[in-house]
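**Student:** Pasting coords34.cif below, which is mmCIF, C-alpha atoms.
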```cif
data_work
#
loop_
_atom_site.label_atom_id
_atom_site.label_comp_id
_atom_site.auth_asym_id
_atom_site.auth_seq_id
_atom_site.Cartn_x
_atom_site.Cartn_y
_atom_site.Cartn_z
CA MET A 523 -27.68 1.55 -8.35
CA SER A 524 -26.28 -1.96 -8.59
CA SER A 525 -28.53 -4.98 -8.05
CA PRO A 526 -28.10 -7.29 -5.02
CA SER A 527 -26.10 -9.66 -7.21
CA SER A 528 -23.72 -6.99 -8.52
CA SER A 529 -21.00 -4.81 -7.02
CA ILE A 530 -18.65 -1.96 -7.82
CA LEU A 531 -14.90 -2.14 -7.22
CA VAL A 532 -13.14 0.98 -5.94
CA THR A 533 -9.33 1.15 -5.97
CA GLY A 534 -7.59 3.52 -3.58
CA ALA A 535 -10.68 3.14 -1.41
CA ASN A 536 -8.93 4.24 1.79
CA GLY A 537 -7.79 7.58 0.34
CA TYR A 538 -9.26 11.05 0.66
CA LEU A 539 -11.50 10.84 -2.42
CA GLY A 540 -11.82 7.06 -2.35
CA LEU A 541 -13.54 7.05 1.04
CA HIS A 542 -16.10 9.57 -0.18
CA ILE A 543 -16.79 7.51 -3.29
CA VAL A 544 -17.28 4.36 -1.21
CA ASN A 545 -19.53 6.28 1.16
CA GLN A 546 -21.77 7.62 -1.61
CA LEU A 547 -21.96 4.28 -3.40
CA LEU A 548 -23.08 2.63 -0.17
CA LYS A 549 -25.63 5.36 0.58
CA GLN A 550 -27.18 4.76 -2.83
CA GLY A 551 -27.58 1.08 -2.03
CA ASN A 552 -24.71 -0.33 -4.06
CA ASN A 553 -22.63 -3.30 -3.03
CA VAL A 554 -18.98 -2.30 -2.95
CA CYS A 555 -15.59 -3.98 -2.97
CA ALA A 556 -13.07 -1.59 -1.41
CA ALA A 557 -9.66 -2.44 -2.84
CA VAL A 558 -6.62 -1.61 -0.70
CA ARG A 559 -2.96 -2.57 -0.60
CA SER A 560 -2.32 -3.13 3.12
CA GLN A 561 -3.89 -4.19 6.39
CA ARG A 562 -3.47 -0.65 7.69
CA ALA A 563 -5.53 0.66 4.78
CA ALA A 564 -8.10 -2.06 5.40
CA GLU A 565 -8.44 -0.88 9.01
CA THR A 566 -9.37 2.57 7.71
CA ILE A 567 -12.23 0.99 5.77
CA ARG A 568 -13.33 -1.15 8.73
CA LYS A 569 -13.27 1.82 11.10
CA ASN A 570 -15.52 3.95 8.91
CA PHE A 571 -17.89 1.35 7.45
CA SER A 572 -18.18 -1.43 10.02
CA GLN A 573 -21.98 -1.61 9.79
CA GLN A 574 -21.91 -2.02 6.02
CA ILE A 575 -19.28 -4.74 6.32
CA ASP A 576 -21.37 -6.58 8.91
CA ALA A 577 -24.38 -6.27 6.59
CA HIS A 578 -22.34 -7.76 3.72
CA GLN A 579 -22.88 -4.64 1.61
CA LEU A 580 -19.16 -3.88 1.68
CA ARG A 581 -16.20 -6.20 1.38
CA ILE A 582 -12.49 -5.47 1.43
CA GLY A 583 -10.21 -6.78 -1.29
CA PHE A 584 -6.44 -6.71 -1.41
CA ILE A 585 -4.46 -5.76 -4.51
CA ASN A 586 -0.80 -6.05 -3.61
CA ASP A 587 0.51 -4.54 -6.84
CA LEU A 588 -1.72 -2.27 -8.90
CA THR A 589 0.66 -2.44 -11.86
CA LYS A 590 0.09 -6.18 -12.39
CA PRO A 591 -3.25 -7.25 -13.91
CA GLU A 592 -3.07 -10.69 -12.31
CA CYS A 593 -3.22 -9.08 -8.85
CA PHE A 594 -6.83 -8.10 -9.58
CA SER A 595 -7.98 -11.68 -10.16
CA ASP A 596 -9.27 -12.23 -6.62
CA VAL A 597 -11.25 -8.97 -6.37
CA LEU A 598 -12.78 -9.10 -9.84
CA ASP A 599 -15.36 -11.75 -9.08
CA GLU A 600 -18.52 -12.42 -11.08
CA THR A 601 -20.47 -9.71 -9.24
CA VAL A 602 -18.27 -6.75 -10.27
CA ILE A 603 -19.92 -4.69 -13.02
CA ALA A 604 -17.73 -1.56 -12.83
CA ILE A 605 -14.45 -0.24 -11.46
CA VAL A 606 -13.84 3.25 -10.11
CA HIS A 607 -10.07 3.59 -10.33
CA VAL A 608 -8.87 6.20 -7.84
CA ALA A 609 -5.48 4.87 -6.76
CA SER A 610 -2.44 6.77 -8.01
CA PRO A 611 1.05 7.39 -6.62
CA CYS A 612 1.35 10.75 -4.88
CA PRO A 613 4.65 12.48 -4.03
CA MET A 614 3.39 14.22 -0.90
CA GLY A 615 5.53 13.24 2.05
CA LYS A 616 7.63 10.89 -0.05
CA ASP A 617 11.24 10.98 -1.08
CA ILE A 618 11.17 10.66 -4.86
CA LYS A 619 14.51 9.14 -5.80
CA ASP A 620 13.70 8.13 -9.35
CA ASN A 621 10.95 9.78 -11.38
CA GLU A 622 10.34 6.73 -13.52
CA SER A 623 10.26 3.98 -10.91
CA ASP A 624 8.65 6.02 -8.12
CA MET A 625 6.01 7.95 -10.08
CA LEU A 626 5.71 7.55 -13.83
CA ARG A 627 5.74 3.79 -14.29
CA PRO A 628 3.38 3.11 -11.35
CA ALA A 629 0.94 5.78 -12.54
CA ILE A 630 0.89 4.61 -16.15
CA SER A 631 1.08 0.86 -15.53
CA GLY A 632 -1.43 1.19 -12.70
CA THR A 633 -4.06 2.52 -15.09
CA THR A 634 -3.45 0.15 -17.97
CA ALA A 635 -3.31 -2.79 -15.55
CA VAL A 636 -6.85 -2.00 -14.43
CA LEU A 637 -8.02 -2.13 -18.04
CA GLU A 638 -6.12 -5.33 -18.76
CA ALA A 639 -7.49 -6.92 -15.59
CA ALA A 640 -11.06 -6.01 -16.50
CA GLU A 641 -10.57 -7.51 -19.94
CA SER A 642 -8.99 -10.71 -18.59
CA TYR A 643 -10.75 -11.44 -15.29
CA ALA A 644 -14.09 -9.61 -15.15
CA SER A 645 -17.28 -11.45 -16.01
CA SER A 646 -19.36 -10.88 -19.13
CA ARG A 647 -21.56 -8.58 -17.02
CA PHE A 648 -18.74 -6.06 -16.59
CA GLN A 649 -19.62 -2.70 -18.14
CA ARG A 650 -17.32 0.21 -17.32
CA VAL A 651 -14.09 1.61 -15.88
CA VAL A 652 -14.31 5.10 -14.38
CA GLN A 653 -10.80 6.56 -14.31
CA ILE A 654 -10.07 9.41 -11.89
CA SER A 655 -7.66 11.56 -13.87
CA SER A 656 -6.93 15.24 -13.19
CA PHE A 657 -7.38 18.72 -14.62
CA SER A 658 -3.60 18.60 -14.99
CA ALA A 659 -4.15 16.17 -17.86
CA MET A 660 -5.93 18.95 -19.75
CA ILE A 661 -3.92 22.11 -19.10
CA ASP A 662 -1.03 23.48 -21.12
CA LYS A 663 0.89 25.62 -18.64
CA SER A 664 2.73 27.38 -21.44
CA ASN A 665 -0.56 29.14 -22.25
CA GLY A 666 -0.89 30.61 -18.76
CA SER A 667 -4.19 30.71 -16.88
CA ARG A 668 -6.20 31.51 -20.05
CA PRO A 669 -9.04 33.51 -18.43
CA GLY A 670 -12.30 32.98 -20.28
CA TYR A 671 -11.04 29.89 -22.11
CA VAL A 672 -13.53 27.01 -22.34
CA TYR A 673 -11.86 23.64 -21.91
CA THR A 674 -13.19 20.62 -23.79
CA GLU A 675 -12.29 16.95 -23.90
CA ALA A 676 -10.01 17.77 -26.83
CA ASP A 677 -7.61 19.65 -24.52
CA TRP A 678 -4.49 17.83 -23.41
CA ASN A 679 -1.42 18.60 -21.36
CA PRO A 680 1.40 18.34 -23.95
CA VAL A 681 4.01 17.10 -21.45
CA THR A 682 6.17 14.28 -22.78
CA TYR A 683 7.49 11.27 -20.93
CA GLU A 684 11.04 12.52 -21.41
CA GLU A 685 10.16 15.90 -19.90
CA ALA A 686 8.55 14.18 -16.93
CA VAL A 687 11.60 12.00 -16.36
CA ALA A 688 13.76 15.13 -16.15
CA GLU A 689 11.30 17.09 -13.95
CA LYS A 690 12.77 18.36 -10.66
CA ASP A 691 9.60 19.70 -9.03
CA PRO A 692 7.63 16.86 -7.33
CA ILE A 693 4.30 18.60 -7.84
CA ALA A 694 4.96 19.13 -11.55
CA LEU A 695 6.03 15.48 -11.71
CA TYR A 696 2.73 14.38 -10.17
CA LEU A 697 0.77 16.51 -12.64
CA ALA A 698 2.74 15.00 -15.51
CA SER A 699 2.12 11.49 -14.21
CA LYS A 700 -1.65 12.07 -14.24
CA ALA A 701 -1.54 13.40 -17.80
CA LEU A 702 0.58 10.54 -19.10
CA ALA A 703 -1.54 7.98 -17.28
CA GLU A 704 -4.75 9.23 -18.86
CA LYS A 705 -3.18 9.33 -22.30
CA ALA A 706 -2.18 5.71 -21.77
CA VAL A 707 -5.79 4.83 -20.93
CA TRP A 708 -7.19 6.18 -24.17
CA GLN A 709 -4.35 4.71 -26.21
CA TRP A 710 -5.11 1.31 -24.68
CA VAL A 711 -8.82 1.68 -25.44
CA ASP A 712 -8.07 2.67 -29.03
CA GLU A 713 -5.75 -0.28 -29.55
CA HIS A 714 -7.72 -3.01 -27.77
CA LYS A 715 -11.36 -2.04 -28.42
CA PRO A 716 -12.50 -3.62 -25.13
CA ARG A 717 -15.96 -5.07 -24.50
CA PHE A 718 -16.50 -2.44 -21.79
CA ASP A 719 -16.36 1.35 -21.98
CA VAL A 720 -14.33 3.96 -20.11
CA VAL A 721 -15.12 7.31 -18.52
CA SER A 722 -12.41 9.74 -17.44
CA LEU A 723 -13.05 12.38 -14.78
CA CYS A 724 -10.61 15.28 -14.55
CA PRO A 725 -11.11 17.08 -11.22
CA SER A 726 -9.22 20.24 -10.39
CA MET A 727 -7.96 20.74 -6.83
CA ILE A 728 -10.16 18.82 -4.41
CA PHE A 729 -11.11 20.47 -1.14
CA GLY A 730 -13.55 19.45 1.58
CA PRO A 731 -13.97 17.35 4.72
CA GLN A 732 -12.21 14.09 5.45
CA ILE A 733 -14.35 11.07 6.25
CA ASP A 734 -11.49 9.58 8.24
CA GLY A 735 -10.98 12.70 10.37
CA ILE A 736 -7.74 14.58 10.94
CA GLU A 737 -4.98 12.97 12.99
CA SER A 738 -2.65 15.94 12.64
CA MET A 739 -1.93 18.79 10.28
CA ALA A 740 0.97 16.73 8.92
CA THR A 741 -1.46 14.11 7.59
CA LEU A 742 -3.78 16.50 5.75
CA PRO A 743 -4.51 15.70 2.09
CA SER A 744 -2.22 17.69 -0.17
CA THR A 745 -4.92 20.15 -1.25
CA ALA A 746 -6.25 20.62 2.28
CA SER A 747 -2.73 21.44 3.41
CA LEU A 748 -2.84 24.39 1.01
CA LEU A 749 -5.85 25.74 2.88
CA TRP A 750 -3.99 25.30 6.16
CA GLN A 751 -1.17 27.38 4.73
CA LEU A 752 -3.71 30.16 4.32
CA VAL A 753 -4.06 30.17 8.11
CA ASP A 754 -0.60 29.14 9.24
CA SER A 755 1.73 30.89 6.80
CA PRO A 756 2.72 34.51 6.16
CA ASN A 757 2.44 33.90 2.42
CA LEU A 758 -0.35 32.66 0.20
CA PRO A 759 0.17 29.08 -1.02
CA PRO A 760 1.00 28.70 -4.72
CA LEU A 761 -1.90 28.41 -7.13
CA ASP A 762 -1.21 28.38 -10.85
CA PHE A 763 -4.66 27.48 -12.13
CA ALA A 764 -7.68 28.58 -10.11
CA GLY A 765 -10.18 25.75 -10.10
CA VAL A 766 -11.57 23.58 -7.30
CA ILE A 767 -14.22 20.99 -6.60
CA ASP A 768 -15.65 19.85 -3.29
CA VAL A 769 -14.61 16.28 -2.52
CA ARG A 770 -18.26 15.33 -2.02
CA ASP A 771 -19.15 16.67 -5.46
CA ALA A 772 -16.22 14.83 -7.03
CA ALA A 773 -17.40 11.61 -5.39
CA MET A 774 -20.96 12.25 -6.56
CA MET A 775 -19.72 12.64 -10.14
CA ALA A 776 -17.72 9.43 -9.90
CA VAL A 777 -20.79 7.54 -8.71
CA ALA A 778 -22.95 9.07 -11.45
CA ALA A 779 -20.35 8.14 -14.07
CA VAL A 780 -20.66 4.46 -13.23
CA ASP A 781 -23.92 3.91 -15.09
CA LYS A 782 -24.76 6.99 -17.16
CA PRO A 783 -24.99 5.74 -20.78
CA GLU A 784 -24.26 9.20 -22.18
CA ALA A 785 -20.89 9.30 -20.37
CA SER A 786 -19.53 6.38 -22.38
CA ASN A 787 -15.94 6.86 -23.58
CA LYS A 788 -15.85 10.55 -22.67
CA ARG A 789 -13.74 12.90 -20.54
CA PHE A 790 -15.21 15.36 -18.07
CA LEU A 791 -13.62 18.36 -16.36
CA LEU A 792 -14.78 18.82 -12.75
CA ALA A 793 -14.08 22.37 -11.58
CA GLN A 794 -15.43 25.71 -10.52
CA HIS A 795 -13.78 29.08 -9.99
CA PHE A 796 -11.53 29.56 -6.98
CA ASP A 797 -9.45 32.34 -5.49
CA TRP A 798 -7.75 32.72 -2.13
CA GLN A 799 -9.85 35.73 -1.14
CA SER A 800 -13.00 33.63 -1.46
CA ALA A 801 -11.42 30.95 0.70
CA ALA A 802 -10.45 33.51 3.34
CA ASP A 803 -13.94 35.01 3.29
CA ALA A 804 -15.52 31.57 3.73
CA ALA A 805 -13.24 30.83 6.67
#
```
Could you express the structure from this file as structure tokens?
**Tutor:**
Amino acid sequence: MSSPSSSILVTGANGYLGLHIVNQLLKQGNNVCAAVRSQRAAETIRKNFSQQIDAHQLRIGFINDLTKPECFSDVLDETVIAIVHVASPCPMGKDIKDNESDMLRPAISGTTAVLEAAESYASSRFQRVVQISSFSAMIDKSNGSRPGYVYTEADWNPVTYEEAVAEKDPIALYLASKALAEKAVWQWVDEHKPRFDVVSLCPSMIFGPQIDGIESMATLPSTASLLWQLVDSPNLPPLDFAGVIDVRDAAMMAVAAVDKPEASNKRFLLAQHFDWQSAADAA
């Protein structure tokens, strides 16, 4: 838990996972800066955490461009001791016209910019960046589902930047962007030897309730929409690699990763077994 004079910055704070991370940080007594990119996103934070804002436990910060380190200068004040970096471009509901400009560059530059900003603007008290990566950064789809295989932090998705640029499937492009972004994180750490450490969390598909509620089925998070397909489609939704984590558990792990000394400069896979029959039975 952070002290009254310290705070934790969360990027992508208005998103599906981001809201849960903010919620759990606040419940544990932490001061939080919820970083967003628009007034509309800020309203999502205000709607769900008005009491904490009024109590000065939560503040909203604006980062207009996550790919530019200088845009973090206003939110990285002397109280910030850690960043939980959740924000990442997602293709769901978007028209991807150019793989590089719409997905790959924002994903990669958005992660390295966080590191550069922490190095340049954070105070001497700053300790850690927790990067929300993805299981897709660990899997090699050419090996199939690999039943019984035990993944470790040495496992990497071998996708190349050139392959991602040529990718036609938006989901595969997103998975590639997460893998390349995490590789860029560890390359940056290796080259710059920063004064803070880094933790990477690699969740599989994230299911669970939305803090912000459901406006319509069209606005469901991408993984939740897969569950809806189980109800509202004659066919099972696609699932190449069967692993899930509850959004509340993923948020709990992100919060724990902020100050666990033993997590320093490590990667963690967040997943448990999943199959559609189990989902149908639970429903």
**Student:** In Å, with one decimal, what is the gap from atom CA of A:Leu548 to atom CA of A:Asp734?
**Tutor:**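 The value is 15.9 Å.
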**Student:** Run the PyMOL selection byres ((chain A and resi 621) around 9) against the file shown and list the residues it catches, as a PyMOL selection string.
**Tutor:** chain A and resi 618-620+622-627+686-690+692+695
**Student:** Here's the selection I'm unsure about, the PyMOL selection byres ((chain A and resi 720) around 10); applied to the file above, which residues does it give, as a compact mmCIF listing (two decimals) with C-alpha atoms, in the frame of the given file?
**Tutor:**
```
# COMPACT_ATOMS: atom_id res chain seq x y z
CA ALA A 604 -17.73 -1.56 -12.83
CA ILE A 605 -14.45 -0.24 -11.46
CA LEU A 637 -8.02 -2.13 -18.04
CA GLN A 649 -19.62 -2.70 -18.14
CA ARG A 650 -17.32 0.21 -17.32
CA VAL A 651 -14.09 1.61 -15.88
CA VAL A 652 -14.31 5.10 -14.38
CA GLN A 653 -10.80 6.56 -14.31
CA VAL A 707 -5.79 4.83 -20.93
CA TRP A 708 -7.19 6.18 -24.17
CA VAL A 711 -8.82 1.68 -25.44
CA PRO A 716 -12.50 -3.62 -25.13
CA PHE A 718 -16.50 -2.44 -21.79
CA ASP A 719 -16.36 1.35 -21.98
CA VAL A 721 -15.12 7.31 -18.52
CA SER A 722 -12.41 9.74 -17.44
CA ALA A 779 -20.35 8.14 -14.07
CA VAL A 780 -20.66 4.46 -13.23
CA ALA A 785 -20.89 9.30 -20.37
CA SER A 786 -19.53 6.38 -22.38
CA ASN A 787 -15.94 6.86 -23.58
CA LYS A 788 -15.85 10.55 -22.67
CA ARG A 789 -13.74 12.90 -20.54
```
**Student:** Could you tell me which residues the PyMOL selection byres ((chain A and resi 537) around 10) returns for this structure, as a list in words?
**Tutor:**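 Residues picked by the PyMOL selection byres ((chain A and resi 537) around 10): Thr533, Gly534, Ala535, Asn536, Tyr538, Leu539, Gly540, Leu541, His542, Ile543, Val558, Ala563, Thr566, Ile567, Val608, Ala609, Ser610, Gln732, Ile733, Asp734 and Pro743 of chain A.
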**Student:** Restrict the selected residues to C-alpha atoms and save them as a PDB file, keeping the file's coordinate frame.
**Tutor:**
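Below you can see result.pdb, which holds the result:
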```
ATOM      1  CA  THR A 533      -9.330   1.150  -5.970  1.00  0.00           C
ATOM      2  CA  GLY A 534      -7.590   3.520  -3.580  1.00  0.00           C
ATOM      3  CA  ALA A 535     -10.680   3.140  -1.410  1.00  0.00           C
ATOM      4  CA  ASN A 536      -8.930   4.240   1.790  1.00  0.00           C
ATOM      5  CA  TYR A 538      -9.260  11.050   0.660  1.00  0.00           C
ATOM      6  CA  LEU A 539     -11.500  10.840  -2.420  1.00  0.00           C
ATOM      7  CA  GLY A 540     -11.820   7.060  -2.350  1.00  0.00           C
ATOM      8  CA  LEU A 541     -13.540   7.050   1.040  1.00  0.00           C
ATOM      9  CA  HIS A 542     -16.100   9.570  -0.180  1.00  0.00           C
ATOM     10  CA  ILE A 543     -16.790   7.510  -3.290  1.00  0.00           C
ATOM     11  CA  VAL A 558      -6.620  -1.610  -0.700  1.00  0.00           C
ATOM     12  CA  ALA A 563      -5.530   0.660   4.780  1.00  0.00           C
ATOM     13  CA  THR A 566      -9.370   2.570   7.710  1.00  0.00           C
ATOM     14  CA  ILE A 567     -12.230   0.990   5.770  1.00  0.00           C
ATOM     15  CA  VAL A 608      -8.870   6.200  -7.840  1.00  0.00           C
ATOM     16  CA  ALA A 609      -5.480   4.870  -6.760  1.00  0.00           C
ATOM     17  CA  SER A 610      -2.440   6.770  -8.010  1.00  0.00           C
ATOM     18  CA  GLN A 732     -12.210  14.090   5.450  1.00  0.00           C
ATOM     19  CA  ILE A 733     -14.350  11.070   6.250  1.00  0.00           C
ATOM     20  CA  ASP A 734     -11.490   9.580   8.240  1.00  0.00           C
ATOM     21  CA  PRO A 743      -4.510  15.700   2.090  1.00  0.00           C
TER      22      PRO A 743
END
```
**Student:** Mind pulling up the distance from atom CA of A:Ala644 to atom CA of A:Val544?
**Tutor:**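 These two atoms are separated by 20.0 Å.
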**Student:** Would you compute the distance between atom CA of A:Ala635 and atom CA of A:Lys715? Give it in Å to one decimal.
**Tutor:**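 Between atom CA of A:Ala635 and atom CA of A:Lys715 the gap is 15.2 Å.
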**Student:** Could you name the residues that touch A:Thr589 at 10 Å or less, counting all atoms listed in the file, but leaving out those on the same chain fewer than 4 positions away, as a ChimeraX atom specification?
**Tutor:** /A:585,593-594,627-636
**Student:** Determine, counting all atoms listed in the file, which protein, DNA and RNA residues have an atom within 8 Å of an atom of A:Leu531; residues of the same chain fewer than 6 positions away are not included. Present the result as a PyMOL selection string.
**Tutor:** chain A and resi 554-557+597-598+602+604-606
